[in-house]
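Structure data (mmCIF, C-alpha atoms) from data21.cif:
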data_model
loop_
_atom_site.label_atom_id
_atom_site.label_comp_id
_atom_site.auth_asym_id
_atom_site.auth_seq_id
_atom_site.Cartn_x
_atom_site.Cartn_y
_atom_site.Cartn_z
CA MET A 13 3.17 -21.46 12.41
CA SER A 14 4.84 -19.97 15.50
CA VAL A 15 4.77 -16.56 13.79
CA GLU A 16 1.01 -16.77 13.37
CA LYS A 17 0.64 -17.80 17.01
CA ILE A 18 2.63 -14.79 18.21
CA LEU A 19 0.69 -12.38 15.97
CA LYS A 20 -2.74 -13.75 16.93
CA ARG A 21 -1.92 -13.39 20.61
CA ALA A 22 -0.36 -9.95 20.10
CA ALA A 23 -3.43 -8.60 18.28
CA ARG A 24 -5.38 -9.03 21.52
CA GLU A 25 -3.13 -6.45 23.19
CA ILE A 26 -4.29 -3.62 20.95
CA GLN A 27 -7.26 -1.61 22.18
CA ASP A 28 -9.81 0.36 20.21
CA GLY A 29 -8.75 4.01 19.98
CA GLN A 30 -5.02 3.45 20.47
CA THR A 31 -2.19 5.10 18.57
CA ILE A 32 0.55 2.58 17.95
CA ASN A 33 3.81 2.04 16.08
CA LEU A 34 4.66 -1.32 14.55
CA GLY A 35 8.36 -2.07 14.09
CA ILE A 36 9.85 -3.55 10.93
CA GLY A 37 9.41 -7.31 10.45
CA LEU A 38 7.09 -9.35 12.63
CA PRO A 39 5.33 -6.37 14.29
CA THR A 40 4.38 -4.86 10.88
CA MET A 41 2.50 -8.08 10.06
CA LEU A 42 0.20 -7.39 13.00
CA VAL A 43 -1.87 -5.03 10.80
CA GLU A 44 -3.48 -8.03 9.14
CA TYR A 45 -4.61 -9.42 12.52
CA LEU A 46 -6.30 -6.32 13.95
CA PRO A 47 -10.09 -6.43 14.39
CA LEU A 48 -11.67 -4.46 11.52
CA ASP A 49 -14.11 -2.64 13.81
CA HIS A 50 -11.28 -1.07 15.83
CA ASP A 51 -10.23 2.53 15.33
CA VAL A 52 -6.48 2.10 15.68
CA MET A 53 -4.14 4.76 14.31
CA ILE A 54 -0.90 3.19 13.14
CA HIS A 55 2.07 5.52 13.11
CA SER A 56 4.85 5.03 10.59
CA GLU A 57 8.10 6.89 11.34
CA ASN A 58 8.49 8.13 7.77
CA GLY A 59 5.53 10.45 8.29
CA VAL A 60 2.12 8.81 8.47
CA LEU A 61 -0.46 8.54 11.22
CA GLY A 62 -3.14 6.13 10.02
CA THR A 63 -1.55 3.56 7.73
CA GLY A 64 -3.75 0.68 6.61
CA ARG A 65 -2.93 -2.72 5.21
CA LYS A 66 -0.35 -3.26 2.44
CA ALA A 67 -1.39 -1.86 -0.95
CA ASN A 68 -1.89 -4.10 -3.97
CA GLU A 69 -0.36 -3.19 -7.32
CA LYS A 70 -3.43 -1.19 -8.38
CA GLU A 71 -3.66 0.80 -5.13
CA ALA A 72 0.06 1.34 -4.61
CA ASN A 73 1.35 4.92 -4.79
CA PRO A 74 5.13 5.11 -5.36
CA TYR A 75 5.24 8.06 -2.94
CA LEU A 76 3.44 6.23 -0.11
CA ILE A 77 5.40 3.62 1.82
CA ASP A 78 5.71 2.55 5.44
CA ALA A 79 8.96 2.64 7.40
CA GLY A 80 9.81 -0.87 6.16
CA GLY A 81 9.56 0.21 2.51
CA SER A 82 6.27 -1.52 1.63
CA TYR A 83 3.57 0.32 -0.28
CA VAL A 84 0.66 0.86 2.08
CA THR A 85 -2.86 2.20 2.09
CA THR A 86 -4.11 4.85 4.51
CA ARG A 87 -7.28 4.75 6.57
CA PRO A 88 -9.87 7.55 6.83
CA GLY A 89 -8.52 10.21 9.19
CA ALA A 90 -4.89 9.63 8.25
CA ALA A 91 -2.31 12.45 8.23
CA PHE A 92 1.08 12.99 6.57
CA PHE A 93 3.87 15.05 8.13
CA ASP A 94 7.64 15.59 8.03
CA SER A 95 10.24 13.60 9.98
CA ALA A 96 10.65 16.23 12.72
CA VAL A 97 6.91 16.16 13.45
CA SER A 98 6.90 12.36 13.24
CA PHE A 99 9.53 12.10 15.97
CA ALA A 100 8.09 14.97 17.99
CA MET A 101 5.02 12.73 18.25
CA ILE A 102 7.24 9.91 19.54
CA ARG A 103 9.39 11.95 21.93
CA ARG A 104 6.32 13.72 23.36
CA SER A 105 4.96 10.23 24.17
CA LYS A 106 1.85 10.58 22.01
CA LEU A 107 2.00 6.91 21.03
CA ASP A 108 0.20 4.49 23.35
CA MET A 109 2.18 1.43 22.35
CA SER A 110 5.21 0.43 20.29
CA VAL A 111 5.45 -3.15 19.12
CA MET A 112 9.06 -4.12 18.48
CA GLY A 113 11.27 -7.09 17.77
CA ALA A 114 14.24 -8.01 19.96
CA PHE A 115 17.62 -9.70 19.80
CA GLU A 116 17.61 -9.84 23.60
CA VAL A 117 15.26 -8.73 26.40
CA ASP A 118 16.04 -9.14 30.07
CA GLN A 119 14.04 -9.59 33.24
CA GLU A 120 14.48 -5.91 34.16
CA GLY A 121 12.86 -4.85 30.88
CA ASN A 122 16.10 -3.79 29.17
CA LEU A 123 15.91 -4.12 25.39
CA ALA A 124 18.62 -4.80 22.77
CA ASN A 125 17.42 -4.71 19.18
CA TRP A 126 19.66 -2.40 17.14
CA LYS A 127 23.21 -3.69 17.08
CA ILE A 128 25.29 -6.87 17.27
CA PRO A 129 28.87 -5.58 17.48
CA GLY A 130 31.04 -6.89 14.67
CA LYS A 131 28.08 -8.57 12.93
CA PHE A 132 25.12 -6.27 12.45
CA SER A 133 25.23 -2.49 12.75
CA PRO A 134 23.03 -0.95 10.06
CA GLY A 135 22.14 2.07 12.22
CA ILE A 136 19.68 3.11 14.91
CA GLY A 137 16.67 4.18 12.87
CA GLY A 138 13.76 5.11 15.13
CA ALA A 139 14.31 2.35 17.68
CA MET A 140 15.88 4.33 20.54
CA GLU A 141 13.32 7.10 20.52
CA LEU A 142 10.40 4.66 20.28
CA ALA A 143 11.75 2.40 23.04
CA GLN A 144 12.64 5.26 25.36
CA LYS A 145 9.52 7.39 24.95
CA THR A 146 6.53 5.13 24.30
CA GLY A 147 4.48 4.31 27.41
CA THR A 148 3.98 0.64 26.60
CA ILE A 149 6.58 -1.44 24.79
CA LEU A 150 5.36 -4.81 23.59
CA ILE A 151 8.07 -7.17 22.40
CA LEU A 152 7.37 -9.90 19.85
CA CYS A 153 10.11 -12.42 19.20
CA THR A 154 10.84 -16.11 19.07
CA HIS A 155 11.61 -17.45 22.53
CA THR A 156 14.97 -18.84 21.46
CA ASP A 157 17.44 -18.07 18.65
CA LYS A 158 18.27 -20.49 15.85
CA TYR A 159 20.75 -22.31 18.14
CA GLY A 160 18.05 -22.82 20.78
CA LYS A 161 19.52 -20.17 23.09
CA SER A 162 17.02 -18.14 25.13
CA LYS A 163 16.49 -14.53 23.99
CA ILE A 164 14.84 -13.79 27.34
CA LEU A 165 17.81 -13.20 29.61
CA LYS A 166 18.76 -12.37 33.18
CA LYS A 167 20.84 -9.51 31.78
CA CYS A 168 21.23 -8.27 28.18
CA THR A 169 24.72 -8.65 26.72
CA LEU A 170 24.29 -6.53 23.55
CA PRO A 171 24.30 -2.69 23.39
CA LEU A 172 20.93 -1.52 24.72
CA THR A 173 18.30 0.26 22.69
CA ALA A 174 16.77 1.59 25.91
CA GLU A 175 16.92 0.74 29.60
CA LYS A 176 13.98 -0.69 31.56
CA CYS A 177 11.46 0.07 28.82
CA VAL A 178 9.68 -3.24 28.12
CA SER A 179 6.20 -3.93 29.53
CA ARG A 180 5.22 -7.27 28.01
CA ILE A 181 6.94 -9.98 25.95
CA ILE A 182 5.05 -12.36 23.67
CA THR A 183 6.98 -15.28 22.18
CA ASP A 184 5.98 -18.53 20.53
CA MET A 185 6.20 -20.13 23.99
CA ALA A 186 4.94 -17.60 26.52
CA VAL A 187 3.46 -14.27 27.55
CA MET A 188 5.59 -12.53 30.19
CA ASP A 189 5.26 -9.23 32.04
CA VAL A 190 8.05 -7.07 33.42
CA THR A 191 7.04 -6.12 36.98
CA PRO A 192 8.86 -4.50 39.92
CA GLU A 193 9.15 -8.02 41.40
CA GLY A 194 10.66 -9.49 38.22
CA LEU A 195 9.55 -11.23 35.05
CA VAL A 196 6.15 -12.86 35.57
CA LEU A 197 5.03 -15.82 33.46
CA ARG A 198 1.36 -15.14 32.62
CA GLU A 199 0.55 -17.58 29.82
CA VAL A 200 2.15 -20.53 28.08
CA ALA A 201 1.55 -21.74 24.54
CA GLU A 202 -0.90 -24.61 24.11
CA GLY A 203 0.87 -27.95 24.50
CA LEU A 204 3.58 -26.58 26.79
CA THR A 205 3.83 -26.75 30.57
CA PRO A 206 5.11 -23.82 32.66
CA GLU A 207 8.06 -26.03 33.66
CA GLU A 208 9.05 -26.53 30.02
CA VAL A 209 8.93 -22.76 29.40
CA ILE A 210 10.95 -22.02 32.54
CA LYS A 211 13.54 -24.59 31.46
CA ALA A 212 13.88 -22.94 28.02
CA THR A 213 14.32 -19.47 29.54
CA ASP A 214 17.54 -17.93 30.84
CA ALA A 215 15.69 -15.23 32.82
CA GLU A 216 14.22 -16.08 36.21
CA LEU A 217 10.50 -16.48 35.58
CA ILE A 218 8.03 -15.95 38.40
CA PRO A 219 4.92 -18.08 37.71
CA ALA A 220 1.70 -16.09 38.05
CA ASP A 221 -0.94 -17.41 40.48
CA THR A 222 -2.92 -18.69 37.53
CA ILE A 223 -1.14 -19.36 34.27
CA GLY A 224 -3.30 -19.13 31.18
CA SER A 225 -2.71 -20.66 27.78
CA PHE A 226 -2.85 -19.22 24.25
CA MET B 13 11.75 36.36 -9.83
CA ASN B 14 12.15 33.09 -11.63
CA LYS B 15 14.25 30.38 -9.96
CA GLN B 16 13.95 27.84 -12.75
CA ALA B 17 17.32 26.41 -13.75
CA THR B 18 18.51 23.62 -16.00
CA LEU B 19 19.75 20.43 -14.37
CA GLU B 20 23.30 21.28 -15.46
CA GLU B 21 23.25 24.86 -14.09
CA ALA B 22 21.69 23.83 -10.81
CA ILE B 23 24.13 21.01 -10.05
CA ALA B 24 27.13 23.10 -11.23
CA GLN B 25 26.60 25.15 -8.04
CA ILE B 26 28.01 22.19 -6.09
CA ARG B 27 31.78 22.21 -5.39
CA ASP B 28 34.12 19.30 -4.63
CA GLY B 29 34.07 18.58 -0.89
CA ALA B 30 30.57 20.00 -0.39
CA SER B 31 28.22 18.78 2.32
CA ILE B 32 24.87 17.82 0.80
CA MET B 33 21.56 16.99 2.44
CA VAL B 34 19.51 14.65 0.27
CA GLY B 35 15.77 14.28 0.81
CA GLY B 36 14.00 10.95 0.86
CA PHE B 37 13.06 8.10 3.16
CA GLY B 38 13.82 5.15 0.92
CA SER B 39 12.76 6.14 -2.58
CA PRO B 40 9.91 8.61 -1.90
CA GLY B 41 11.39 12.13 -1.81
CA THR B 42 14.74 11.08 -3.29
CA PRO B 43 15.73 13.48 -6.10
CA PHE B 44 16.92 10.82 -8.54
CA CYS B 45 17.43 13.21 -11.50
CA LEU B 46 19.54 15.66 -9.46
CA ILE B 47 21.65 12.73 -8.24
CA GLU B 48 22.17 11.45 -11.81
CA GLU B 49 23.43 14.88 -12.89
CA LEU B 50 25.80 14.98 -9.90
CA ILE B 51 27.18 11.63 -11.05
CA ARG B 52 27.57 13.01 -14.60
CA GLN B 53 29.39 16.15 -13.40
CA GLY B 54 31.56 14.09 -11.04
CA GLN B 55 32.12 16.30 -7.97
CA THR B 56 34.06 14.35 -5.35
CA GLY B 57 34.92 14.30 -1.62
CA LEU B 58 31.25 14.84 -0.79
CA THR B 59 29.62 14.46 2.61
CA LEU B 60 26.05 13.22 2.22
CA ILE B 61 23.32 13.53 4.83
CA LYS B 62 20.33 11.29 4.17
CA ASN B 63 18.00 9.14 6.27
CA ASP B 64 19.20 5.98 4.51
CA ALA B 65 21.50 4.98 1.64
CA ASN B 66 18.66 4.09 -0.76
CA GLU B 67 19.09 0.55 -2.09
CA GLN B 68 21.98 -0.86 -4.06
CA SER B 69 22.41 0.74 -7.51
CA ILE B 70 19.81 3.45 -7.04
CA GLY B 71 19.78 6.99 -5.64
CA ILE B 72 22.68 8.01 -3.41
CA SER B 73 23.97 4.44 -3.43
CA ARG B 74 25.11 5.16 -7.01
CA LEU B 75 27.05 8.24 -5.85
CA ILE B 76 28.64 6.21 -3.06
CA GLU B 77 29.45 3.24 -5.32
CA ASN B 78 30.93 5.73 -7.81
CA GLY B 79 33.50 6.86 -5.20
CA GLN B 80 32.25 10.47 -4.99
CA VAL B 81 31.33 10.27 -1.30
CA LYS B 82 33.78 10.57 1.59
CA LYS B 83 31.29 10.45 4.45
CA LEU B 84 27.65 9.51 4.99
CA ILE B 85 25.59 10.82 7.90
CA SER B 86 22.50 8.65 8.24
CA THR B 87 20.10 6.81 10.54
CA HIS B 88 19.75 3.32 9.04
CA ILE B 89 21.30 1.66 5.96
CA GLY B 90 20.03 -1.88 6.53
CA LEU B 91 18.38 -2.15 3.10
CA ASN B 92 21.71 -1.59 1.31
CA LYS B 93 24.20 -4.47 1.67
CA LYS B 94 26.67 -2.80 -0.69
CA VAL B 95 26.98 0.34 1.42
CA VAL B 96 27.04 -1.69 4.66
CA GLY B 97 29.99 -3.57 3.11
CA MET B 98 31.78 -0.31 2.23
CA MET B 99 31.25 0.92 5.79
CA ASN B 100 32.62 -2.35 7.21
CA ASP B 101 35.72 -2.38 4.96
CA GLY B 102 36.44 1.26 5.78
CA SER B 103 36.03 2.67 2.26
CA LEU B 104 33.14 4.86 3.46
CA GLU B 105 32.99 6.79 6.72
CA VAL B 106 29.50 6.51 8.25
CA ALA B 107 27.98 8.33 11.23
CA PHE B 108 24.61 7.27 12.61
CA PHE B 109 22.08 9.23 14.63
CA PRO B 110 18.65 8.20 15.91
CA GLN B 111 16.20 9.15 13.16
CA GLY B 112 14.30 11.87 15.00
CA ILE B 113 17.56 13.29 16.35
CA LEU B 114 18.93 13.59 12.81
CA ALA B 115 15.69 15.32 11.77
CA GLU B 116 15.88 17.67 14.75
CA LYS B 117 19.57 18.49 14.14
CA ILE B 118 18.60 19.56 10.62
CA ARG B 119 15.45 21.39 11.77
CA THR B 120 17.49 23.27 14.38
CA THR B 121 19.85 24.74 11.77
CA GLY B 122 16.77 25.54 9.69
CA ALA B 123 15.34 27.45 12.66
CA GLY B 124 18.54 29.52 13.01
CA SER B 125 19.70 27.86 16.24
CA PHE B 126 22.89 26.01 17.06
CA GLY B 127 21.84 23.01 19.09
CA PHE B 128 19.32 21.48 21.46
CA LEU B 129 19.15 19.43 24.66
CA THR B 130 17.85 15.87 24.65
CA ASP B 131 17.77 12.71 26.76
CA ILE B 132 17.60 10.24 23.86
CA GLY B 133 20.29 7.57 24.22
CA LEU B 134 21.73 9.45 27.20
CA HIS B 135 23.17 6.35 28.85
CA SER B 136 23.86 4.41 25.67
CA GLU B 137 27.01 3.96 23.63
CA ILE B 138 25.91 6.71 21.18
CA THR B 139 26.52 9.37 23.84
CA ASP B 140 29.95 10.81 24.55
CA PRO B 141 29.95 11.65 28.31
CA LYS B 142 31.64 14.95 27.37
CA ASP B 143 28.34 16.08 25.82
CA VAL B 144 26.30 15.43 28.98
CA ILE B 145 25.43 18.39 31.22
CA VAL B 146 23.04 19.07 34.08
CA TRP B 147 20.45 21.64 32.99
CA GLN B 148 17.81 22.87 35.44
CA GLY B 149 18.43 19.85 37.62
CA ARG B 150 18.23 17.19 34.95
CA GLU B 151 20.86 15.30 33.05
CA VAL B 152 20.72 16.04 29.31
CA LYS B 153 22.91 15.78 26.26
CA ILE B 154 23.94 18.68 24.04
CA GLU B 155 23.10 17.87 20.44
CA PRO B 156 24.67 20.29 17.92
CA ALA B 157 22.65 21.45 14.90
CA LEU B 158 23.61 20.05 11.50
CA TYR B 159 24.30 22.35 8.56
CA ALA B 160 24.97 21.61 4.89
CA ASP B 161 26.14 23.63 1.90
CA VAL B 162 23.49 22.19 -0.38
CA ALA B 163 20.11 20.43 -0.13
CA LEU B 164 18.79 18.31 -2.98
CA ILE B 165 15.10 17.58 -2.68
CA HIS B 166 12.20 16.19 -4.66
CA ALA B 167 8.97 18.20 -4.64
CA HIS B 168 5.57 17.22 -5.98
CA THR B 169 4.90 20.73 -7.29
CA ALA B 170 6.99 23.91 -7.49
CA ASP B 171 6.18 27.36 -8.80
CA HIS B 172 8.67 29.73 -10.47
CA PHE B 173 9.30 31.50 -7.16
CA GLY B 174 10.27 28.23 -5.46
CA ASN B 175 7.18 27.52 -3.37
CA LEU B 176 7.04 23.75 -2.89
CA THR B 177 4.56 21.04 -2.02
CA TYR B 178 5.30 17.40 -1.25
CA GLN B 179 3.24 14.27 -1.76
CA ALA B 180 2.43 11.69 0.95
CA THR B 181 5.56 10.13 2.52
CA ALA B 182 7.82 11.89 0.01
CA MET B 183 7.76 14.81 2.46
CA ASN B 184 9.95 13.19 5.16
CA PHE B 185 13.21 15.19 5.54
CA CYS B 186 12.64 17.50 2.52
CA PRO B 187 11.07 20.56 4.20
CA LEU B 188 13.64 20.39 7.03
CA MET B 189 16.60 20.15 4.65
CA ALA B 190 15.20 22.99 2.53
CA MET B 191 15.52 25.24 5.60
CA ALA B 192 18.96 24.03 6.71
CA ALA B 193 21.17 24.33 3.61
CA ASP B 194 22.51 27.47 1.93
CA THR B 195 21.83 26.34 -1.64
CA VAL B 196 18.54 24.50 -2.05
CA ILE B 197 17.84 22.74 -5.32
CA ALA B 198 14.37 21.29 -5.79
CA GLU B 199 13.42 18.98 -8.64
CA THR B 200 9.83 18.43 -9.70
CA SER B 201 7.85 17.16 -12.64
CA ASN B 202 5.16 19.80 -12.03
CA VAL B 203 6.40 23.37 -12.49
CA VAL B 204 3.51 25.81 -12.23
CA THR B 205 3.08 29.58 -12.42
CA PRO B 206 2.98 31.53 -9.15
CA GLY B 207 -0.54 31.50 -7.76
CA ALA B 208 -1.30 28.00 -8.98
CA ILE B 209 -0.37 26.63 -5.54
CA GLN B 210 -2.85 27.97 -2.99
CA PRO B 211 -0.96 29.92 -0.28
CA GLU B 212 -2.26 27.67 2.49
CA ALA B 213 -1.10 24.57 0.60
CA VAL B 214 2.58 25.63 0.39
CA HIS B 215 4.80 23.30 2.43
CA THR B 216 8.15 25.06 1.85
CA PRO B 217 7.92 28.83 1.27
CA SER B 218 9.92 30.19 -1.68
CA ALA B 219 12.42 32.15 0.47
CA PHE B 220 14.25 28.90 1.32
CA VAL B 221 14.64 27.70 -2.26
CA THR B 222 17.51 28.62 -4.63
CA SER B 223 16.76 26.68 -7.81
CA VAL B 224 13.78 24.85 -9.30
CA VAL B 225 14.58 22.17 -11.86
CA ALA B 226 11.94 20.61 -14.09
CA VAL B 227 12.59 16.89 -14.45
CA ASP B 228 10.99 13.92 -16.11
CA THR B 229 9.80 11.42 -13.51
CA ASP B 230 9.11 8.67 -16.04
CA ARG B 231 12.38 7.00 -14.97
CA PRO B 232 11.85 3.61 -13.28
CA GLU B 233 13.26 4.86 -9.93
CA TYR B 234 10.14 7.01 -9.51
CA GLY B 235 7.81 4.07 -10.16
CA LEU B 236 6.73 1.09 -8.11
CA MET B 237 9.38 -1.36 -6.92
CA GLU B 238 8.63 -5.03 -7.47
CA GLY B 239 7.75 -7.11 -4.47
CA ARG B 240 6.79 -4.20 -2.23
CA TYR B 241 3.05 -4.52 -2.76
CA GLU B 242 0.50 -7.29 -2.22
CA ARG B 243 -0.08 -9.58 -5.15
#
Can you turn what I pasted into structure tokens?
Amino acid sequence: MSVEKILKRAAREIQDGQTINLGIGLPTMLVEYLPLDHDVMIHSENGVLGTGRKANEKEANPYLIDAGGSYVTTRPGAAFFDSAVSFAMIRRSKLDMSVMGAFEVDQEGNLANWKIPGKFSPGIGGAMELAQKTGTILILCTHTDKYGKSKILKKCTLPLTAEKCVSRIITDMAVMDVTPEGLVLREVAEGLTPEEVIKATDAELIPADTIGSF
Amino acid sequence: MNKQATLEEAIAQIRDGASIMVGGFGSPGTPFCLIEELIRQGQTGLTLIKNDANEQSIGISRLIENGQVKKLISTHIGLNKKVVGMMNDGSLEVAFFPQGILAEKIRTTGAGSFGFLTDIGLHSEITDPKDVIVWQGREVKIEPALYADVALIHAHTADHFGNLTYQATAMNFCPLMAMAADTVIAETSNVVTPGAIQPEAVHTPSAFVTSVVAVDTDRPEYGLMEGRYER
């Protein structure tokens, strides 16, 4: 339920005509929530610009997957290319937005999503280049971890993916923006008060003048 | 000029201790038949360079599980618990690079250069401060090019001269690796006569390719994996 809430809210961030990358996991599921009349080019690091929804068994081509390993379709106007071109596109900042997951995000916009020392270190993949070079980084994650600890922190403790890269954070509880003044609370989930969100958050949240709900 | 070789001849070019680039992002582009022959011939002490470690019990994971691999240079092995375990218990040396940096290190050797300057991960734990310089007023990191003795790649189509084409996301690292290794072995299930591939459709020109091996891609590794498509 909270996953659907995050995805529905996140879909509203994507504009017609944008080129975007969707990270593995929650962000990838965003494809299913995009308005059908939008021309959005989805980039997949393994060498596609213009992936569509997941393929069914009949449509699936064993040589056509997304970066998460799922068989996908392509949309009209799609292109295939090698890994050097794929990352040239990223490092030359040709993507408008990257949607990523997070282990931790902090109020300065620092992001940690690739390594938990001693526990989880499967490699970097495309995360550093995407986080460092995409103009807008949208983070989707649950507000707290499975122990109820806030993932939205004053200061990240894990190794960073990139410094000061995050623009907006959407969780099951809130929509927050990283600004020069600090982390601004823009919206709270239906049924929650701003006070409840602030209480559940380690980072210092600055309430916006008007706080919406979603 | 005819670069067709048997599986056995082609893989016999590989020596113990060789460094080998292996094409593929996940399964697409992985040369499963070339890997099987390498397992059969049993060369050891290998250094493998591949985007990922495939998944347990398929592709290069089989070479690693078989103890033929000393070191893996990769970007992300999260889909392979077995190899993550071998990395954690120290039985396999693993080096990680950001994905596009690995691609560019390979491309750079392929372009006949020795390194490049980048700002990716400059202030992160992946950067050794010794590699950081100031170049034209900006802080950058020196990233050396990556070379290998051999590249093993999967092509969609190859002609006798060694011109190659790739299909969809099976392209990935293959054209880069084909330019960066000394001995380039391409497997394909479609060997055609020269001229059958239109010149403008060639992805890897024949000059980079050493051997073309005709293989049967009816093996299950080349097919669809369960659970990766919508029901």
| query | For chain A, which residues have at least one atom within 6 Å of chain B, if we go by all atoms listed in the file? Write them as a PyMOL selection string, please. | reply | chain A and resi 58-59+67-69+74-76+82-83+92+94-96+99+134-138
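Each of A:Lys70, A:Lys127, A:His55, A:His155 was checked against A:Val111 using all atoms listed in the file; the smallest atom-to-atom distance is that of A:His55.
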Neighbours of A:Gly64 within 9 Å (all atoms listed in the file; same-chain residues fewer than 6 positions away dropped), as a PDB file with C-alpha atoms, in the coordinates of the input?
ATOM      1  CA  VAL A  43      -1.870  -5.030  10.800  1.00  0.00           C
ATOM      2  CA  MET A  53      -4.140   4.760  14.310  1.00  0.00           C
ATOM      3  CA  ILE A  54      -0.900   3.190  13.140  1.00  0.00           C
ATOM      4  CA  VAL A  84       0.660   0.860   2.080  1.00  0.00           C
ATOM      5  CA  THR A  85      -2.860   2.200   2.090  1.00  0.00           C
ATOM      6  CA  THR A  86      -4.110   4.850   4.510  1.00  0.00           C
ATOM      7  CA  ARG A  87      -7.280   4.750   6.570  1.00  0.00           C
TER       8      ARG A  87
END
| message | Since I can't run it myself right now, could you work out what the PyMOL selection byres ((chain B and resi 152) around 8) selects here and report it as JSON, numbers by chain? | response | {"B": [129, 130, 131, 134, 144, 145, 146, 147, 150, 151, 153, 154]}
| task | Measure the distance from atom CA of B:Asn78 to atom CA of B:Glu48 in Å and round it to one decimal. | result | 11.2 Å
| query | Can you tell me how far atom CA of B:Ile197 sits from atom CA of A:Leu61, in Å to one decimal? | reply | 28.5 Å
| task | In Å, rounded to a single decimal, give me how far atom CA of A:Ile223 is from atom CA of A:Leu197. | result |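 Between these atoms lies a distance of 7.2 Å.
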| If you apply the PyMOL selection byres ((chain A and resi 212-219) around 7) to this file, what residues do you get, as a ChimeraX atom specification? | /A:118-119,162,164-166,194-198,208-211,220-221
| request: Would you list the residues near (-5.2, -6.0, 21.4) (no more than 12 Å away, in the coordinates of the file, using only C-alpha atoms) as a count of residues only? | output: 27
| task | List the residues selected by the PyMOL selection byres ((chain B and resi 50-54) around 12) in the file shown, writing them as a PyMOL selection string. | result | chain B and resi 19-30+32+34+43-49+55-58+70-81+164
Taking all atoms of stretch 134-151 of chain B that appear in the file, build a box with edges along x, y and z, extend it by 6 Å on every side, and state its centre and edge lengths in Å to one decimal, as AutoDock Vina command-line options.
--center_x 24.7 --center_y 13.4 --center_z 29.4 --size_x 25.8 --size_y 30.9 --size_z 28.4
| Long-range neighbours of A:Ser110 as a PyMOL selection string, 7 Å cut-off, all atoms listed in the file, 6 positions minimum in chain | chain A and resi 32-34+142+146+148-150
| said: I want to know what sits within 10 Å of B:Gly207, based on only C-alpha atoms, with residues of the same chain fewer than 2 positions away left out; could you give that as a ChimeraX atom specification? | reply: /B:171-173,175,204-205,209-211
| request: Return the single residue from A:Ile182, A:Glu44, A:Ser14, A:Ser225 that is closest to A:Glu199, with distances computed using only C-alpha atoms. | output: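 The closest residue to A:Glu199 is A:Ser225.
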